[in-house]
>>> print(open('work.cif').read())   # mmCIF, N, CA and C atoms
data_my_file
#
loop_
_atom_site.label_atom_id
_atom_site.label_comp_id
_atom_site.auth_asym_id
_atom_site.auth_seq_id
_atom_site.Cartn_x
_atom_site.Cartn_y
_atom_site.Cartn_z
N MET A 1 89.13 119.83 95.96
CA MET A 1 89.22 118.42 96.30
C MET A 1 90.64 117.90 96.07
N LYS A 2 91.26 118.30 94.95
CA LYS A 2 92.58 117.82 94.61
C LYS A 2 93.61 118.28 95.64
N TRP A 3 93.51 119.53 96.11
CA TRP A 3 94.45 120.03 97.10
C TRP A 3 94.29 119.31 98.43
N SER A 4 93.07 118.94 98.74
CA SER A 4 92.80 118.20 99.98
C SER A 4 93.50 116.85 99.96
N ARG A 5 93.44 116.15 98.86
CA ARG A 5 94.12 114.85 98.74
C ARG A 5 95.62 115.01 98.83
N LEU A 6 96.14 116.08 98.22
CA LEU A 6 97.58 116.32 98.26
C LEU A 6 98.03 116.58 99.70
N GLY A 7 97.27 117.38 100.42
CA GLY A 7 97.60 117.64 101.82
C GLY A 7 97.52 116.39 102.67
N GLU A 8 96.52 115.56 102.40
CA GLU A 8 96.37 114.30 103.12
C GLU A 8 97.55 113.37 102.82
N GLU A 9 97.99 113.36 101.57
CA GLU A 9 99.13 112.53 101.18
C GLU A 9 100.41 112.98 101.87
N VAL A 10 100.61 114.29 101.95
CA VAL A 10 101.80 114.82 102.64
C VAL A 10 101.75 114.45 104.12
N LEU A 11 100.59 114.56 104.72
CA LEU A 11 100.42 114.21 106.13
C LEU A 11 100.69 112.72 106.36
N ARG A 12 100.19 111.87 105.49
CA ARG A 12 100.43 110.43 105.60
C ARG A 12 101.92 110.13 105.51
N ARG A 13 102.60 110.77 104.58
CA ARG A 13 104.05 110.54 104.44
C ARG A 13 104.81 111.01 105.67
N ARG A 14 104.39 112.12 106.26
CA ARG A 14 105.03 112.59 107.50
C ARG A 14 104.84 111.58 108.62
N TYR A 15 103.62 111.08 108.76
CA TYR A 15 103.36 110.06 109.78
C TYR A 15 104.20 108.82 109.55
N LEU A 16 104.35 108.44 108.28
CA LEU A 16 105.17 107.28 107.95
C LEU A 16 106.62 107.51 108.36
N TRP A 17 107.16 108.68 108.06
CA TRP A 17 108.55 108.98 108.44
C TRP A 17 108.73 109.05 109.95
N VAL A 18 107.77 109.62 110.65
CA VAL A 18 107.84 109.67 112.11
C VAL A 18 107.77 108.27 112.68
N THR A 19 106.86 107.44 112.16
CA THR A 19 106.75 106.06 112.62
C THR A 19 108.04 105.30 112.36
N ALA A 20 108.62 105.48 111.17
CA ALA A 20 109.88 104.81 110.84
C ALA A 20 111.00 105.29 111.76
N ALA A 21 111.07 106.58 112.04
CA ALA A 21 112.11 107.12 112.92
C ALA A 21 111.98 106.56 114.34
N VAL A 22 110.75 106.50 114.84
CA VAL A 22 110.52 105.94 116.17
C VAL A 22 110.92 104.47 116.19
N ALA A 23 110.59 103.73 115.14
CA ALA A 23 110.95 102.31 115.06
C ALA A 23 112.47 102.14 115.06
N VAL A 24 113.17 102.97 114.32
CA VAL A 24 114.64 102.87 114.28
C VAL A 24 115.23 103.17 115.66
N VAL A 25 114.72 104.20 116.31
CA VAL A 25 115.21 104.53 117.66
C VAL A 25 114.96 103.37 118.62
N LEU A 26 113.77 102.78 118.56
CA LEU A 26 113.46 101.65 119.44
C LEU A 26 114.37 100.46 119.15
N VAL A 27 114.63 100.19 117.88
CA VAL A 27 115.51 99.08 117.54
C VAL A 27 116.91 99.33 118.09
N VAL A 28 117.40 100.54 117.95
CA VAL A 28 118.74 100.86 118.48
C VAL A 28 118.76 100.73 120.00
N VAL A 29 117.76 101.28 120.67
CA VAL A 29 117.71 101.20 122.13
C VAL A 29 117.64 99.75 122.59
N TYR A 30 116.76 98.97 121.97
CA TYR A 30 116.59 97.59 122.40
C TYR A 30 117.72 96.67 121.95
N SER A 31 118.52 97.10 120.99
CA SER A 31 119.67 96.28 120.63
C SER A 31 120.83 96.51 121.58
N VAL A 32 120.81 97.63 122.29
CA VAL A 32 121.89 97.97 123.21
C VAL A 32 121.51 97.68 124.66
N ALA A 33 120.32 98.12 125.06
CA ALA A 33 119.90 98.01 126.46
C ALA A 33 119.17 96.70 126.71
N ASP A 34 119.70 95.90 127.59
CA ASP A 34 119.07 94.63 127.95
C ASP A 34 117.91 94.90 128.91
N PRO A 35 116.68 94.58 128.51
CA PRO A 35 115.53 94.87 129.37
C PRO A 35 115.55 94.10 130.69
N CYS A 36 116.31 93.03 130.75
CA CYS A 36 116.41 92.27 131.99
C CYS A 36 117.31 92.96 133.01
N ARG A 37 118.22 93.80 132.54
CA ARG A 37 119.19 94.42 133.44
C ARG A 37 119.08 95.94 133.52
N GLU A 38 118.68 96.57 132.44
CA GLU A 38 118.62 98.03 132.39
C GLU A 38 117.32 98.55 133.00
N LEU A 39 117.25 99.83 133.15
CA LEU A 39 116.03 100.46 133.68
C LEU A 39 115.05 100.71 132.53
N MET A 40 114.44 99.64 132.07
CA MET A 40 113.45 99.74 131.00
C MET A 40 112.06 99.84 131.64
N PRO A 41 111.10 100.39 130.90
CA PRO A 41 109.74 100.52 131.46
C PRO A 41 109.16 99.16 131.86
N ARG A 42 108.48 99.14 132.97
CA ARG A 42 107.83 97.92 133.45
C ARG A 42 106.35 97.97 133.08
N CYS A 43 105.74 96.81 133.01
CA CYS A 43 104.33 96.72 132.64
C CYS A 43 103.46 97.23 133.80
N PRO A 44 102.68 98.29 133.56
CA PRO A 44 101.84 98.82 134.64
C PRO A 44 100.72 97.84 135.03
N PHE A 45 100.22 97.07 134.07
CA PHE A 45 99.17 96.10 134.37
C PHE A 45 99.69 95.03 135.33
N LYS A 46 100.87 94.51 135.04
CA LYS A 46 101.46 93.49 135.90
C LYS A 46 101.80 94.07 137.28
N TRP A 47 102.28 95.29 137.29
CA TRP A 47 102.62 95.94 138.55
C TRP A 47 101.39 96.12 139.43
N LEU A 48 100.25 96.48 138.82
CA LEU A 48 99.03 96.71 139.58
C LEU A 48 98.32 95.43 139.98
N THR A 49 98.31 94.42 139.08
CA THR A 49 97.48 93.24 139.32
C THR A 49 98.28 91.98 139.63
N GLY A 50 99.52 91.92 139.21
CA GLY A 50 100.31 90.71 139.36
C GLY A 50 100.13 89.72 138.22
N PHE A 51 99.22 90.03 137.29
CA PHE A 51 98.98 89.18 136.12
C PHE A 51 99.73 89.73 134.91
N ASP A 52 100.05 88.83 133.97
CA ASP A 52 100.69 89.25 132.72
C ASP A 52 99.66 89.83 131.76
N CYS A 53 100.04 90.88 131.05
CA CYS A 53 99.20 91.40 129.97
C CYS A 53 99.61 90.67 128.69
N PRO A 54 98.87 90.84 127.59
CA PRO A 54 99.24 90.13 126.37
C PRO A 54 100.64 90.49 125.86
N ALA A 55 101.11 91.67 126.19
CA ALA A 55 102.41 92.12 125.69
C ALA A 55 103.55 91.89 126.68
N CYS A 56 103.28 91.38 127.86
CA CYS A 56 104.36 91.13 128.82
C CYS A 56 105.39 90.20 128.20
N GLY A 57 106.63 90.61 128.24
CA GLY A 57 107.72 89.84 127.66
C GLY A 57 108.13 90.34 126.28
N ASN A 58 107.38 91.29 125.71
CA ASN A 58 107.72 91.79 124.38
C ASN A 58 109.06 92.50 124.35
N GLN A 59 109.40 93.25 125.39
CA GLN A 59 110.68 93.94 125.41
C GLN A 59 111.83 92.93 125.39
N ARG A 60 111.73 91.90 126.21
CA ARG A 60 112.78 90.87 126.24
C ARG A 60 112.77 90.08 124.94
N ALA A 61 111.58 89.81 124.38
CA ALA A 61 111.50 89.09 123.11
C ALA A 61 112.14 89.90 121.98
N LEU A 62 111.89 91.20 121.94
CA LEU A 62 112.50 92.05 120.92
C LEU A 62 114.02 92.06 121.08
N TYR A 63 114.48 92.17 122.30
CA TYR A 63 115.93 92.14 122.56
C TYR A 63 116.52 90.81 122.07
N ALA A 64 115.84 89.71 122.36
CA ALA A 64 116.32 88.39 121.92
C ALA A 64 116.32 88.30 120.40
N LEU A 65 115.26 88.80 119.75
CA LEU A 65 115.21 88.77 118.28
C LEU A 65 116.34 89.58 117.66
N LEU A 66 116.60 90.75 118.22
CA LEU A 66 117.66 91.61 117.68
C LEU A 66 119.05 90.99 117.86
N HIS A 67 119.16 90.03 118.76
CA HIS A 67 120.44 89.36 118.98
C HIS A 67 120.43 87.93 118.42
N GLY A 68 119.43 87.63 117.59
CA GLY A 68 119.39 86.34 116.90
C GLY A 68 118.95 85.17 117.75
N ASP A 69 118.42 85.42 118.92
CA ASP A 69 117.95 84.35 119.81
C ASP A 69 116.46 84.11 119.57
N TRP A 70 116.14 83.36 118.52
CA TRP A 70 114.75 83.12 118.14
C TRP A 70 114.02 82.31 119.20
N ALA A 71 114.69 81.31 119.75
CA ALA A 71 114.05 80.48 120.79
C ALA A 71 113.78 81.30 122.05
N GLY A 72 114.70 82.17 122.40
CA GLY A 72 114.50 83.04 123.56
C GLY A 72 113.33 83.97 123.38
N ALA A 73 113.20 84.51 122.18
CA ALA A 73 112.05 85.38 121.89
C ALA A 73 110.75 84.61 122.03
N TRP A 74 110.74 83.37 121.58
CA TRP A 74 109.55 82.53 121.71
C TRP A 74 109.22 82.28 123.18
N ARG A 75 110.24 82.02 124.00
CA ARG A 75 110.02 81.76 125.43
C ARG A 75 109.47 82.99 126.15
N TYR A 76 109.97 84.16 125.80
CA TYR A 76 109.52 85.37 126.49
C TYR A 76 108.07 85.70 126.17
N ASN A 77 107.68 85.61 124.89
CA ASN A 77 106.30 85.88 124.52
C ASN A 77 106.03 85.37 123.11
N PRO A 78 105.45 84.17 122.99
CA PRO A 78 105.19 83.63 121.65
C PRO A 78 104.16 84.45 120.86
N PHE A 79 103.35 85.21 121.55
CA PHE A 79 102.32 86.01 120.86
C PHE A 79 102.93 87.10 119.98
N VAL A 80 104.18 87.49 120.27
CA VAL A 80 104.85 88.52 119.48
C VAL A 80 104.99 88.09 118.02
N TRP A 81 105.04 86.77 117.77
CA TRP A 81 105.17 86.26 116.40
C TRP A 81 103.90 86.49 115.59
N LEU A 82 102.78 86.68 116.24
CA LEU A 82 101.53 87.00 115.55
C LEU A 82 101.28 88.51 115.56
N ALA A 83 101.52 89.14 116.69
CA ALA A 83 101.19 90.55 116.86
C ALA A 83 102.09 91.48 116.04
N ALA A 84 103.38 91.20 116.00
CA ALA A 84 104.31 92.09 115.29
C ALA A 84 104.02 92.14 113.79
N PRO A 85 103.87 91.00 113.10
CA PRO A 85 103.55 91.09 111.67
C PRO A 85 102.21 91.79 111.41
N TYR A 86 101.23 91.54 112.27
CA TYR A 86 99.94 92.21 112.08
C TYR A 86 100.09 93.72 112.25
N ALA A 87 100.83 94.15 113.28
CA ALA A 87 101.05 95.58 113.49
C ALA A 87 101.78 96.21 112.30
N LEU A 88 102.77 95.51 111.77
CA LEU A 88 103.49 96.03 110.60
C LEU A 88 102.57 96.13 109.38
N LEU A 89 101.70 95.15 109.21
CA LEU A 89 100.74 95.21 108.11
C LEU A 89 99.77 96.39 108.26
N VAL A 90 99.34 96.63 109.50
CA VAL A 90 98.43 97.76 109.73
C VAL A 90 99.13 99.07 109.40
N VAL A 91 100.37 99.24 109.84
CA VAL A 91 101.12 100.47 109.55
C VAL A 91 101.34 100.60 108.04
N PHE A 92 101.75 99.51 107.39
CA PHE A 92 101.99 99.53 105.94
C PHE A 92 100.72 99.92 105.19
N THR A 93 99.61 99.29 105.50
CA THR A 93 98.38 99.57 104.76
C THR A 93 97.80 100.93 105.07
N GLU A 94 98.12 101.47 106.23
CA GLU A 94 97.59 102.78 106.60
C GLU A 94 98.36 103.91 105.93
N TYR A 95 99.68 103.77 105.80
CA TYR A 95 100.50 104.89 105.34
C TYR A 95 101.00 104.77 103.90
N ASP A 96 101.03 103.60 103.33
CA ASP A 96 101.51 103.44 101.96
C ASP A 96 100.37 103.68 100.99
N PRO A 97 100.51 104.66 100.08
CA PRO A 97 99.41 104.99 99.16
C PRO A 97 99.33 104.08 97.93
N SER A 98 100.18 103.09 97.83
CA SER A 98 100.20 102.26 96.62
C SER A 98 98.92 101.44 96.48
N ARG A 99 98.72 100.94 95.28
CA ARG A 99 97.54 100.13 94.99
C ARG A 99 97.56 98.83 95.79
N VAL A 100 98.74 98.25 95.95
CA VAL A 100 98.88 97.01 96.72
C VAL A 100 98.44 97.23 98.16
N ALA A 101 98.88 98.33 98.76
CA ALA A 101 98.50 98.63 100.14
C ALA A 101 97.01 98.86 100.27
N ARG A 102 96.44 99.55 99.31
CA ARG A 102 94.99 99.79 99.36
C ARG A 102 94.22 98.47 99.28
N ARG A 103 94.70 97.57 98.44
CA ARG A 103 94.04 96.27 98.30
C ARG A 103 94.16 95.46 99.60
N TRP A 104 95.33 95.49 100.21
CA TRP A 104 95.53 94.75 101.47
C TRP A 104 94.81 95.41 102.63
N LYS A 105 94.65 96.73 102.58
CA LYS A 105 93.99 97.44 103.68
C LYS A 105 92.58 96.92 103.90
N ARG A 106 91.88 96.61 102.83
CA ARG A 106 90.52 96.08 102.96
C ARG A 106 90.49 94.78 103.75
N ARG A 107 91.56 93.99 103.66
CA ARG A 107 91.61 92.72 104.38
C ARG A 107 92.16 92.90 105.80
N VAL A 108 93.28 93.63 105.90
CA VAL A 108 93.98 93.76 107.18
C VAL A 108 93.16 94.56 108.19
N GLN A 109 92.50 95.62 107.71
CA GLN A 109 91.75 96.48 108.62
C GLN A 109 90.24 96.26 108.53
N HIS A 110 89.85 95.16 107.96
CA HIS A 110 88.44 94.81 107.90
C HIS A 110 87.93 94.56 109.32
N PRO A 111 86.70 94.97 109.65
CA PRO A 111 86.19 94.76 111.00
C PRO A 111 86.25 93.31 111.49
N VAL A 112 86.06 92.37 110.59
CA VAL A 112 86.13 90.96 110.98
C VAL A 112 87.57 90.59 111.38
N THR A 113 88.55 91.06 110.61
CA THR A 113 89.96 90.78 110.92
C THR A 113 90.35 91.41 112.25
N VAL A 114 89.95 92.65 112.46
CA VAL A 114 90.28 93.35 113.71
C VAL A 114 89.61 92.65 114.90
N THR A 115 88.36 92.27 114.73
CA THR A 115 87.65 91.56 115.80
C THR A 115 88.30 90.21 116.10
N LEU A 116 88.68 89.50 115.06
CA LEU A 116 89.35 88.21 115.23
C LEU A 116 90.68 88.39 115.96
N PHE A 117 91.46 89.40 115.58
CA PHE A 117 92.73 89.66 116.26
C PHE A 117 92.50 90.03 117.73
N ALA A 118 91.48 90.84 118.00
CA ALA A 118 91.16 91.19 119.39
C ALA A 118 90.74 89.96 120.18
N ALA A 119 89.99 89.07 119.57
CA ALA A 119 89.55 87.83 120.25
C ALA A 119 90.75 86.93 120.54
N VAL A 120 91.65 86.79 119.59
CA VAL A 120 92.85 85.97 119.80
C VAL A 120 93.71 86.59 120.91
N THR A 121 93.81 87.91 120.93
CA THR A 121 94.56 88.60 121.99
C THR A 121 93.93 88.32 123.35
N LEU A 122 92.62 88.40 123.43
CA LEU A 122 91.93 88.13 124.68
C LEU A 122 92.13 86.68 125.14
N VAL A 123 92.04 85.74 124.22
CA VAL A 123 92.27 84.33 124.56
C VAL A 123 93.70 84.14 125.05
N TRP A 124 94.65 84.75 124.37
CA TRP A 124 96.06 84.65 124.80
C TRP A 124 96.24 85.24 126.19
N TRP A 125 95.59 86.38 126.45
CA TRP A 125 95.71 87.06 127.74
C TRP A 125 95.24 86.15 128.86
N VAL A 126 94.08 85.55 128.67
CA VAL A 126 93.53 84.65 129.70
C VAL A 126 94.39 83.39 129.83
N ALA A 127 94.73 82.78 128.69
CA ALA A 127 95.47 81.51 128.71
C ALA A 127 96.83 81.64 129.38
N ARG A 128 97.53 82.73 129.13
CA ARG A 128 98.88 82.87 129.70
C ARG A 128 98.84 83.08 131.22
N ASN A 129 97.72 83.52 131.74
CA ASN A 129 97.60 83.70 133.19
C ASN A 129 96.99 82.49 133.90
N VAL A 130 96.35 81.61 133.13
CA VAL A 130 95.71 80.43 133.72
C VAL A 130 96.66 79.24 133.67
N ILE A 131 97.37 79.12 132.57
CA ILE A 131 98.24 77.94 132.36
C ILE A 131 99.54 78.09 133.13
#
>>> encode(input="work.cif", output="structure tokens")
Amino acid sequence: MKWSRLGEEVLRRRYLWVTAAVAVVLVVVYSVADPCRELMPRCPFKWLTGFDCPACGNQRALYALLHGDWAGAWRYNPFVWLAAPYALLVVFTEYDPSRVARRWKRRVQHPVTVTLFAAVTLVWWVARNVI
């Protein structure tokens, strides 16, 4: 049993380092490449349907945030201000073995919290296409 936990801990730390490395690469790419002008990935949902998905505008919002344009980030996608901190909390509570993370994991990844976040995402998705 003890060896199993040790192996699981090593695997969690590897995932954490891979996630951190991917995040750093994305920050570097988005701080240099302007999504409005460069050949950045386009939203397949918008391309197929013509409607915005909940994340449409996140690339431009991230670019604006990395360049200190807080108002621009809000204009591109205000939902990023809710989704990004929640995503960071999920990653933190999933990969950090500390007692604090374990205590927060019960709240952040609780089925009620996840369902509430999914419902807010769905409301945002509909509202941004209707308004």
>>> closest_residue(input="work.cif", among="A:Gln59, A:Gln109, A:Ser98, A:Thr121", to="Leu82 in chain A", atoms="only C-alpha atoms")
A:Thr121
>>> atom_distance(input="work.cif", atom1="CA of Ala119 in chain A", atom2="CA of Val90 in chain A")
17.0 Å
>>> residues_around(input="work.cif", residues="range 18-20 of chain A", least_positions_apart="6", cutoff="10 Å", atoms="only C-alpha atoms", output="PDB file with N, CA and C atoms, in the frame of the given file")
ATOM      1  N   ARG A  12     100.190 111.870 105.490  1.00  0.00           N
ATOM      2  CA  ARG A  12     100.430 110.430 105.600  1.00  0.00           C
ATOM      3  C   ARG A  12     101.920 110.130 105.510  1.00  0.00           C
ATOM      4  N   LEU A  26     113.770 102.780 118.560  1.00  0.00           N
ATOM      5  CA  LEU A  26     113.460 101.650 119.440  1.00  0.00           C
ATOM      6  C   LEU A  26     114.370 100.460 119.150  1.00  0.00           C
ATOM      7  N   VAL A  91     100.370  99.240 109.840  1.00  0.00           N
ATOM      8  CA  VAL A  91     101.120 100.470 109.550  1.00  0.00           C
ATOM      9  C   VAL A  91     101.340 100.600 108.040  1.00  0.00           C
ATOM     10  N   TYR A  95      99.680 103.770 105.800  1.00  0.00           N
ATOM     11  CA  TYR A  95     100.500 104.890 105.340  1.00  0.00           C
ATOM     12  C   TYR A  95     101.000 104.770 103.900  1.00  0.00           C
TER      13      TYR A  95
END
>>> closest_residue(input="work.cif", among="A:Leu39, A:Val80, A:Ala23, A:Ile131", to="Ala55 in chain A", atoms="all atoms listed in the file")
A:Val80
>>> atom_distance(input="work.cif", atom1="CA of Pro35 in chain A", atom2="CA of Tyr63 in chain A")
7.3 Å
>>> atom_distance(input="work.cif", atom1="CA of Thr113 in chain A", atom2="CA of Pro85 in chain A")
13.6 Å
>>> select_by_dssp(input="work.cif", residues="chain A", states="alpha helix (DSSP H)", output="ChimeraX atom specification")
/A:2-32,44-49,58-66,70-76,80-95,99-108,111-130
>>> resolve_selection(input="work.cif", expression="the PyMOL selection byres (((chain A and resi 30 and name CA) around 9) and name CA)", output="list in words")
Val25, Leu26, Val27, Val28, Val29, Ser31, Val32, Ala33, Asp34, Pro35, Gln59, Arg60, Leu62, Tyr63 and Leu66 of chain A
>>> resolve_selection(input="work.cif", expression="the PyMOL selection byres (((chain A and resi 83 and name CA) around 12) and name CA)", output="VMD selection string")
chain A and resid 54 to 55 58 77 to 82 84 to 90 114 117 to 118 120 to 121 124
>>> write_last_selection(input="work.cif", atoms="N, CA and C atoms", output="mmCIF file, keeping the file's coordinate frame")
data_model
loop_
_atom_site.group_PDB
_atom_site.id
_atom_site.type_symbol
_atom_site.label_atom_id
_atom_site.label_comp_id
_atom_site.auth_asym_id
_atom_site.auth_seq_id
_atom_site.Cartn_x
_atom_site.Cartn_y
_atom_site.Cartn_z
ATOM 1 N N PRO A 54 98.870 90.840 127.590
ATOM 2 C CA PRO A 54 99.240 90.130 126.370
ATOM 3 C C PRO A 54 100.640 90.490 125.860
ATOM 4 N N ALA A 55 101.110 91.670 126.190
ATOM 5 C CA ALA A 55 102.410 92.120 125.690
ATOM 6 C C ALA A 55 103.550 91.890 126.680
ATOM 7 N N ASN A 58 107.380 91.290 125.710
ATOM 8 C CA ASN A 58 107.720 91.790 124.380
ATOM 9 C C ASN A 58 109.060 92.500 124.350
ATOM 10 N N ASN A 77 107.680 85.610 124.890
ATOM 11 C CA ASN A 77 106.300 85.880 124.520
ATOM 12 C C ASN A 77 106.030 85.370 123.110
ATOM 13 N N PRO A 78 105.450 84.170 122.990
ATOM 14 C CA PRO A 78 105.190 83.630 121.650
ATOM 15 C C PRO A 78 104.160 84.450 120.860
ATOM 16 N N PHE A 79 103.350 85.210 121.550
ATOM 17 C CA PHE A 79 102.320 86.010 120.860
ATOM 18 C C PHE A 79 102.930 87.100 119.980
ATOM 19 N N VAL A 80 104.180 87.490 120.270
ATOM 20 C CA VAL A 80 104.850 88.520 119.480
ATOM 21 C C VAL A 80 104.990 88.090 118.020
ATOM 22 N N TRP A 81 105.040 86.770 117.770
ATOM 23 C CA TRP A 81 105.170 86.260 116.400
ATOM 24 C C TRP A 81 103.900 86.490 115.590
ATOM 25 N N LEU A 82 102.780 86.680 116.240
ATOM 26 C CA LEU A 82 101.530 87.000 115.550
ATOM 27 C C LEU A 82 101.280 88.510 115.560
ATOM 28 N N ALA A 84 103.380 91.200 116.000
ATOM 29 C CA ALA A 84 104.310 92.090 115.290
ATOM 30 C C ALA A 84 104.020 92.140 113.790
ATOM 31 N N PRO A 85 103.870 91.000 113.100
ATOM 32 C CA PRO A 85 103.550 91.090 111.670
ATOM 33 C C PRO A 85 102.210 91.790 111.410
ATOM 34 N N TYR A 86 101.230 91.540 112.270
ATOM 35 C CA TYR A 86 99.940 92.210 112.080
ATOM 36 C C TYR A 86 100.090 93.720 112.250
ATOM 37 N N ALA A 87 100.830 94.150 113.280
ATOM 38 C CA ALA A 87 101.050 95.580 113.490
ATOM 39 C C ALA A 87 101.780 96.210 112.300
ATOM 40 N N LEU A 88 102.770 95.510 111.770
ATOM 41 C CA LEU A 88 103.490 96.030 110.600
ATOM 42 C C LEU A 88 102.570 96.130 109.380
ATOM 43 N N LEU A 89 101.700 95.150 109.210
ATOM 44 C CA LEU A 89 100.740 95.210 108.110
ATOM 45 C C LEU A 89 99.770 96.390 108.260
ATOM 46 N N VAL A 90 99.340 96.630 109.500
ATOM 47 C CA VAL A 90 98.430 97.760 109.730
ATOM 48 C C VAL A 90 99.130 99.070 109.400
ATOM 49 N N VAL A 114 89.950 92.650 112.460
ATOM 50 C CA VAL A 114 90.280 93.350 113.710
ATOM 51 C C VAL A 114 89.610 92.650 114.900
ATOM 52 N N PHE A 117 91.460 89.400 115.580
ATOM 53 C CA PHE A 117 92.730 89.660 116.260
ATOM 54 C C PHE A 117 92.500 90.030 117.730
ATOM 55 N N ALA A 118 91.480 90.840 118.000
ATOM 56 C CA ALA A 118 91.160 91.190 119.390
ATOM 57 C C ALA A 118 90.740 89.960 120.180
ATOM 58 N N VAL A 120 91.650 86.790 119.590
ATOM 59 C CA VAL A 120 92.850 85.970 119.800
ATOM 60 C C VAL A 120 93.710 86.590 120.910
ATOM 61 N N THR A 121 93.810 87.910 120.930
ATOM 62 C CA THR A 121 94.560 88.600 121.990
ATOM 63 C C THR A 121 93.930 88.320 123.350
ATOM 64 N N TRP A 124 94.650 84.750 124.370
ATOM 65 C CA TRP A 124 96.060 84.650 124.800
ATOM 66 C C TRP A 124 96.240 85.240 126.190
#
